[in-house]
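Enquirer: So that we are looking at the same thing, I have put the structure below in structure tokens.
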Amino acid sequence: MTDHTVASFDEELNEMRSKVVQMANIVNTQLQNSLTALQDRNSELAEKVRLTDQLLDDLDSDVERSAVEFIARRAPVAVDLREIIAIIRISNTLERIGDYAKNFAKRLDVLLETDSIRSSERLLSHMVDITSKMVTDVIDAYIRRDIDLALEIWHRDQEIDAIYNTMFRELLTYMMEHPHYITTATHMLFIAKNIERAGDHATNIAEMAYYIATGKALDMERPKKDKSHLAAAPDVEE
Amino acid sequence: MNIQAADTNITTDREPKMQARRVNVFYGDTHALKDVNLDIYADEVTALIGPSGCGKSTFLRCLNRMNDTVASCRVKGVMTLDNEDIYSKQVDVVQLRARVGMVFQKPNPFPKSIYDNVAYGPRIHGLARKGDELDEIVFTSLQKAGLWDEVKDRLDTSGTALSGGQQQRLCIARAIAVNPEVILMDEPCSALDPIATAKIEELIDELKGHYAIVIVTHSMQQAARVSQKTAFFHLGNLVEYGDTVEIFTNPQEPKTKDYITGRYG
């Protein structure tokens, strides 16, 4: 796209964009570190994740402040207006995904003291990988104004939902059959739910990227594969 | 091409107050407006925007034949007011300009009293038979222009003694006094400070619904604030016309987008 006649207009926009990219990178590191801390039973790494979250909160406040100043001073319109509104929301959304990574790390205090359910950890690892990739790609779609990529990511969320369903059933079965695993399974379930939500948030960002590029809302019904609200414990034999 | 871009955005089936069809304007050899089609609606404010020399003021001046006063100017195409051709030989230009009033960039009150500034039009058009009637017209016009409270105690002081913003509102009162149907405004706030500008914009908002208003402005934000329809001109072409909200959130033409977002070369 052509640059603005006033160069500082673009400089200020670029600064906010690069902060958003930085936030996305931190979010991904946070998610991966929480997972690694679980897999390697590394409570120090979990602690690091909890502390690093502050960085995301600060960046989010920074972006929001810059955006408010930008609106006040530059009175952006059209694509610039759409982008600045979306930047505020994308930054908030990334901060929220960061909170989920932090919550993941918090649960490790208890989780690392209990016996692990390896198969669920593998499913969780898969969920985290897909979610991270979504976050990376969706920011890429936003920066490059890539509508096709945004649409593709929007549909990708279904994979996470499907794994979450599998995990939900698996953990439920574990709890039924081995009450010993209830603590582990409950925490794993919350973590999985949080990652599933993180995927939903990445989907929201895809909608914003689409809106910036086209000026239109993605108003198709959102693809949903999360059926866990229908899941029940298998009947117990009497 | 441009005609299509303009036409597809016309979403209403209401009868337009004024219509321009394939309007071309030449100043000598200069082709200032090219095949412009545009509808003006009675209950709306239409803003004309675009860079200097794009033809927006030329278009505005066609709407009450102000261009007749420019010797080298030729206007082709059809321009109607209530479906009647305003360029037809039967049209009395003085009558036309009473129906389609104009407010200029620089406030230009007559060097007469405030009262006479407003009373001048009704007098020459014979709108008032008795002094009471004239008083009434002056009162309502000044009130509609939001100036009455500020000048009611000094109606016989000179119009030129008022502040710039008050002078501009006096000019609006003068335009209103002859019961126009359309009011044309050519950058009415460019010589005013922000407070006076806000008062004029508030006034435009109040006048909307009583008169069709067409405003030429260099301030994009002003167009966004005061108008319901926006037309973007560039190099004599009407590039895009549509709902103001659409133009400022999601313009369809790349040229419009570049201009309003400040990317215009």
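Identifiers in the structure tokens: chain A, B, ... in order shown; residue index from 1 per chain; ligand index from 1 in order shown.
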Do you know which residues are at most 9 Å from segment 80-90 of chain A counting only C-alpha atoms, after dropping those on the same chain fewer than 2 positions away, and could you put them as a ChimeraX atom specification?
Expert: /A:13,16-17,20,60,63-64,67-68,70-71,75-78,92-95,139,204-205,208-209,211-213,215 /B:248-250,261
Enquirer: Env of Arg154 of chain B: 10 Å cut, atoms = only C-alpha atoms, seq-sep filter 4 positions within chain, self excluded. Answer as a list in words.
Expert: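 In the requested format, the answer is Ser113, Ile114, Tyr115, Glu150, Ser158 and Gly159 of chain B.
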Enquirer: Compile the contact shell of Ile40 of chain B as a ChimeraX atom specification: residues with an atom at most 7 Å away, counting only C-alpha atoms, same-chain residues fewer than 6 positions apart removed.
Expert: /B:16-19,46
Enquirer: Please report, as a PyMOL selection string, each residue of segment 42-235 of chain B to which DSSP assigns alpha helix (DSSP H) when run on this structure's backbone.
Expert: chain B and resi 56-62+93-99+114-124+131-144+148-151+164-176+194-207+220-226
Enquirer: Restricting the calculation to only C-alpha atoms: of A:Thr2, A:Thr131, A:Asn33, A:Thr203, which residue gets closest to chain B?
Expert: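 Closest to chain B, using only C-alpha atoms: A:Thr2.
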Enquirer: Provide as a list in words the residues of chain B at most 8 Å from chain A, counting only C-alpha atoms.
Expert: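 Every residue meeting the condition is included here: Gln221, Ile247, Phe248, Thr249, Asn250, Pro251, Lys257, Asp258, Ile260, Thr261, Gly262, Arg263, Tyr264 and Gly265 of chain B.
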Enquirer: For segment 66-71 of chain B, work out the shell of residues within 10 Å, counting only C-alpha atoms and skipping chain neighbours fewer than 4 positions away, then give it as a list of chain:residue names.
Expert: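 Those residues are B:Val25, B:Tyr27, B:Gly28, B:Thr58, B:Phe59, B:Leu60, B:Arg61, B:Cys62, B:Val75, B:Tyr87, B:Val93, B:Arg97, B:Met102.
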Enquirer: Env of segment 176-185 of chain B: 8 Å cut, atoms = only C-alpha atoms, seq-sep filter 3 positions within chain, self excluded. Answer as a list in words.
Expert: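 Contacts, in chain order: Ala42, Leu60, Ala98, Arg99, Val100, Gly101, Met102, Val103, Phe104, Gln105, Val118, Ala119, Gly121, Pro122, His125, Leu127, Ile137, Val138, Ser141, Ile172, Ala173, Pro188, His210, Tyr211, Ala212, Ile213, Val214, Ile215 and Val216 of chain B.
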Enquirer: For Asp129 of chain A, find every residue with an atom within 9 Å (counting only C-alpha atoms), except residues of its own chain fewer than 5 positions away, and show them as an MDAnalysis selection string.
Expert: chainID A and resid 31:32 124 134
Enquirer: So that I can see what lies close to Phe233 of chain B, please list as a PyMOL selection string the residues with an atom at most 9 Å from it, counting only C-alpha atoms and leaving out residues fewer than 3 positions away in the same chain.
Expert: chain B and resi 48-51+54-56+236-241+256
Enquirer: Include all heavy atoms and write out the residues we just selected as a tab-separated table (two decimals), in the first residue's frame.
Expert:
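That gives us part_31.tsv:
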chain	number	residue	atom	x	y	z
B	48	LEU	N	-19.20	17.70	-0.74
B	48	LEU	CA	-18.35	17.50	-1.92
B	48	LEU	C	-16.90	17.65	-1.47
B	48	LEU	O	-16.54	18.70	-0.94
B	48	LEU	CB	-18.67	18.52	-3.01
B	48	LEU	CG	-20.15	18.75	-3.37
B	48	LEU	CD1	-20.26	19.80	-4.47
B	48	LEU	CD2	-20.82	17.45	-3.80
B	49	ILE	N	-16.11	16.60	-1.64
B	49	ILE	CA	-14.71	16.68	-1.22
B	49	ILE	C	-13.79	16.34	-2.39
B	49	ILE	O	-14.24	15.79	-3.41
B	49	ILE	CB	-14.40	15.74	-0.03
B	49	ILE	CG1	-14.65	14.26	-0.41
B	49	ILE	CG2	-15.23	16.10	1.19
B	49	ILE	CD1	-14.15	13.26	0.62
B	50	GLY	N	-12.53	16.67	-2.22
B	50	GLY	CA	-11.54	16.39	-3.26
B	50	GLY	C	-10.44	17.42	-3.21
B	50	GLY	O	-10.61	18.50	-2.63
B	51	PRO	N	-9.30	17.10	-3.83
B	51	PRO	CA	-8.17	18.04	-3.81
B	51	PRO	C	-8.48	19.32	-4.59
B	51	PRO	O	-9.42	19.35	-5.39
B	51	PRO	CB	-7.03	17.27	-4.47
B	51	PRO	CG	-7.69	16.19	-5.26
B	51	PRO	CD	-8.96	15.87	-4.56
B	54	CYS	N	-10.27	19.91	-8.30
B	54	CYS	CA	-10.91	18.65	-8.69
B	54	CYS	C	-12.27	18.88	-9.33
B	54	CYS	O	-12.84	17.98	-9.93
B	54	CYS	CB	-11.07	17.74	-7.49
B	54	CYS	SG	-12.29	18.34	-6.30
B	55	GLY	N	-12.83	20.09	-9.18
B	55	GLY	CA	-14.11	20.38	-9.79
B	55	GLY	C	-15.27	20.48	-8.82
B	55	GLY	O	-16.40	20.75	-9.22
B	56	LYS	N	-14.99	20.31	-7.53
B	56	LYS	CA	-16.11	20.30	-6.57
B	56	LYS	C	-16.79	21.67	-6.47
B	56	LYS	O	-18.01	21.75	-6.44
B	56	LYS	CB	-15.65	19.81	-5.19
B	56	LYS	CG	-14.50	20.62	-4.57
B	56	LYS	CD	-13.97	19.91	-3.33
B	56	LYS	CE	-12.97	20.79	-2.57
B	56	LYS	NZ	-11.79	21.21	-3.35
B	236	GLY	N	-11.79	16.41	-12.11
B	236	GLY	CA	-13.00	16.64	-12.88
B	236	GLY	C	-13.96	15.47	-12.94
B	236	GLY	O	-15.04	15.58	-13.49
B	237	ASN	N	-13.53	14.33	-12.38
B	237	ASN	CA	-14.43	13.17	-12.36
B	237	ASN	C	-15.06	13.00	-10.98
B	237	ASN	O	-14.40	13.26	-9.97
B	237	ASN	CB	-13.65	11.88	-12.67
B	237	ASN	CG	-13.10	11.88	-14.07
B	237	ASN	OD1	-13.84	11.99	-15.04
B	237	ASN	ND2	-11.78	11.79	-14.18
B	238	LEU	N	-16.30	12.54	-10.97
B	238	LEU	CA	-16.90	12.12	-9.71
B	238	LEU	C	-16.44	10.68	-9.51
B	238	LEU	O	-16.89	9.77	-10.21
B	238	LEU	CB	-18.43	12.19	-9.78
B	238	LEU	CG	-19.17	11.62	-8.57
B	238	LEU	CD1	-18.77	12.32	-7.29
B	238	LEU	CD2	-20.68	11.71	-8.77
B	239	VAL	N	-15.52	10.48	-8.59
B	239	VAL	CA	-14.92	9.15	-8.41
B	239	VAL	C	-15.83	8.24	-7.62
B	239	VAL	O	-16.02	7.08	-7.94
B	239	VAL	CB	-13.55	9.27	-7.71
B	239	VAL	CG1	-12.97	7.89	-7.40
B	239	VAL	CG2	-12.58	10.07	-8.57
B	240	GLU	N	-16.38	8.77	-6.53
B	240	GLU	CA	-17.21	7.92	-5.68
B	240	GLU	C	-18.25	8.78	-4.97
B	240	GLU	O	-17.96	9.90	-4.54
B	240	GLU	CB	-16.34	7.19	-4.65
B	240	GLU	CG	-17.10	6.15	-3.84
B	240	GLU	CD	-16.19	5.19	-3.07
B	240	GLU	OE1	-14.96	5.25	-3.27
B	240	GLU	OE2	-16.72	4.38	-2.29
B	241	TYR	N	-19.46	8.23	-4.88
B	241	TYR	CA	-20.55	8.91	-4.18
B	241	TYR	C	-21.27	7.86	-3.35
B	241	TYR	O	-21.53	6.76	-3.82
B	241	TYR	CB	-21.51	9.52	-5.21
B	241	TYR	CG	-22.82	9.99	-4.63
B	241	TYR	CD1	-22.90	11.16	-3.89
B	241	TYR	CD2	-23.99	9.25	-4.81
B	241	TYR	CE1	-24.10	11.59	-3.36
B	241	TYR	CE2	-25.20	9.67	-4.29
B	241	TYR	CZ	-25.26	10.84	-3.56
B	241	TYR	OH	-26.44	11.26	-3.03
B	256	THR	N	-10.35	7.20	-3.69
B	256	THR	CA	-11.02	7.77	-2.53
B	256	THR	C	-10.26	7.41	-1.26
B	256	THR	O	-9.99	8.26	-0.41
B	256	THR	CB	-12.46	7.22	-2.40
B	256	THR	OG1	-13.07	7.22	-3.68
B	256	THR	CG2	-13.27	8.05	-1.44
Enquirer: To one decimal place in Å, what is the distance between atom CA of Glu44 of chain B and atom CA of Asp205 of chain B?
Expert: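 Computed distance, atom CA of Glu44 of chain B to atom CA of Asp205 of chain B, equals 9.5 Å.
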Enquirer: Could you check how far atom CA of Gln95 of chain B sits from atom CA of Arg123 of chain B, in Å to one decimal?
Expert: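 So the two atoms, atom CA of Gln95 of chain B and atom CA of Arg123 of chain B, lie 13.5 Å apart.
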Enquirer: I'd like the interatomic distance between atom CA of Leu112 of chain A and atom CA of Tyr100 of chain A, to a tenth of an Å.
Expert: 17.9 Å
Enquirer: Run DSSP on the backbone and give me the residues of segment 55-259 of chain B it puts in strand (DSSP E), as a PyMOL selection string.
Expert: chain B and resi 73-81+84-85+100-103+182-186+212-216+229-234+237-243
Enquirer: Mind writing the picked residues with C-alpha atoms as a PDB file, in the first residue's frame?
Expert:
ATOM      1  CA  CYS B  73     -17.474  28.962 -18.880  1.00  0.00           C
ATOM      2  CA  ARG B  74     -19.655  26.502 -20.805  1.00  0.00           C
ATOM      3  CA  VAL B  75     -21.943  24.008 -19.081  1.00  0.00           C
ATOM      4  CA  LYS B  76     -23.245  20.926 -20.940  1.00  0.00           C
ATOM      5  CA  GLY B  77     -25.568  18.197 -19.778  1.00  0.00           C
ATOM      6  CA  VAL B  78     -28.728  18.393 -17.729  1.00  0.00           C
ATOM      7  CA  MET B  79     -29.208  19.876 -14.313  1.00  0.00           C
ATOM      8  CA  THR B  80     -32.642  19.896 -12.733  1.00  0.00           C
ATOM      9  CA  LEU B  81     -34.403  21.311  -9.714  1.00  0.00           C
ATOM     10  CA  GLU B  84     -37.123  21.177 -14.214  1.00  0.00           C
ATOM     11  CA  ASP B  85     -34.049  22.059 -16.231  1.00  0.00           C
ATOM     12  CA  VAL B 100     -30.947  27.781  -4.451  1.00  0.00           C
ATOM     13  CA  GLY B 101     -29.106  30.068  -2.048  1.00  0.00           C
ATOM     14  CA  MET B 102     -25.398  30.278  -1.475  1.00  0.00           C
ATOM     15  CA  VAL B 103     -23.002  30.908   1.398  1.00  0.00           C
ATOM     16  CA  VAL B 182     -31.463  24.356  -1.416  1.00  0.00           C
ATOM     17  CA  ILE B 183     -28.517  25.998   0.349  1.00  0.00           C
ATOM     18  CA  LEU B 184     -25.068  25.742  -1.212  1.00  0.00           C
ATOM     19  CA  MET B 185     -22.077  26.314   1.037  1.00  0.00           C
ATOM     20  CA  ASP B 186     -18.604  26.808  -0.387  1.00  0.00           C
ATOM     21  CA  ALA B 212     -31.299  20.445   0.947  1.00  0.00           C
ATOM     22  CA  ILE B 213     -27.743  21.397   1.824  1.00  0.00           C
ATOM     23  CA  VAL B 214     -24.679  20.949  -0.345  1.00  0.00           C
ATOM     24  CA  ILE B 215     -21.351  21.786   1.216  1.00  0.00           C
ATOM     25  CA  VAL B 216     -17.893  21.957  -0.303  1.00  0.00           C
ATOM     26  CA  LYS B 229     -23.862  11.695   1.588  1.00  0.00           C
ATOM     27  CA  THR B 230     -20.345  12.339   0.371  1.00  0.00           C
ATOM     28  CA  ALA B 231     -19.127  12.791  -3.187  1.00  0.00           C
ATOM     29  CA  PHE B 232     -15.408  12.563  -3.936  1.00  0.00           C
ATOM     30  CA  PHE B 233     -14.157  14.457  -7.000  1.00  0.00           C
ATOM     31  CA  HIS B 234     -10.767  14.028  -8.632  1.00  0.00           C
ATOM     32  CA  ASN B 237     -14.432  13.166 -12.357  1.00  0.00           C
ATOM     33  CA  LEU B 238     -16.898  12.122  -9.711  1.00  0.00           C
ATOM     34  CA  VAL B 239     -14.921   9.153  -8.412  1.00  0.00           C
ATOM     35  CA  GLU B 240     -17.212   7.922  -5.677  1.00  0.00           C
ATOM     36  CA  TYR B 241     -20.548   8.910  -4.180  1.00  0.00           C
ATOM     37  CA  GLY B 242     -22.263   7.202  -1.277  1.00  0.00           C
ATOM     38  CA  ASP B 243     -23.327   7.227   2.340  1.00  0.00           C
TER      39      ASP B 243
END
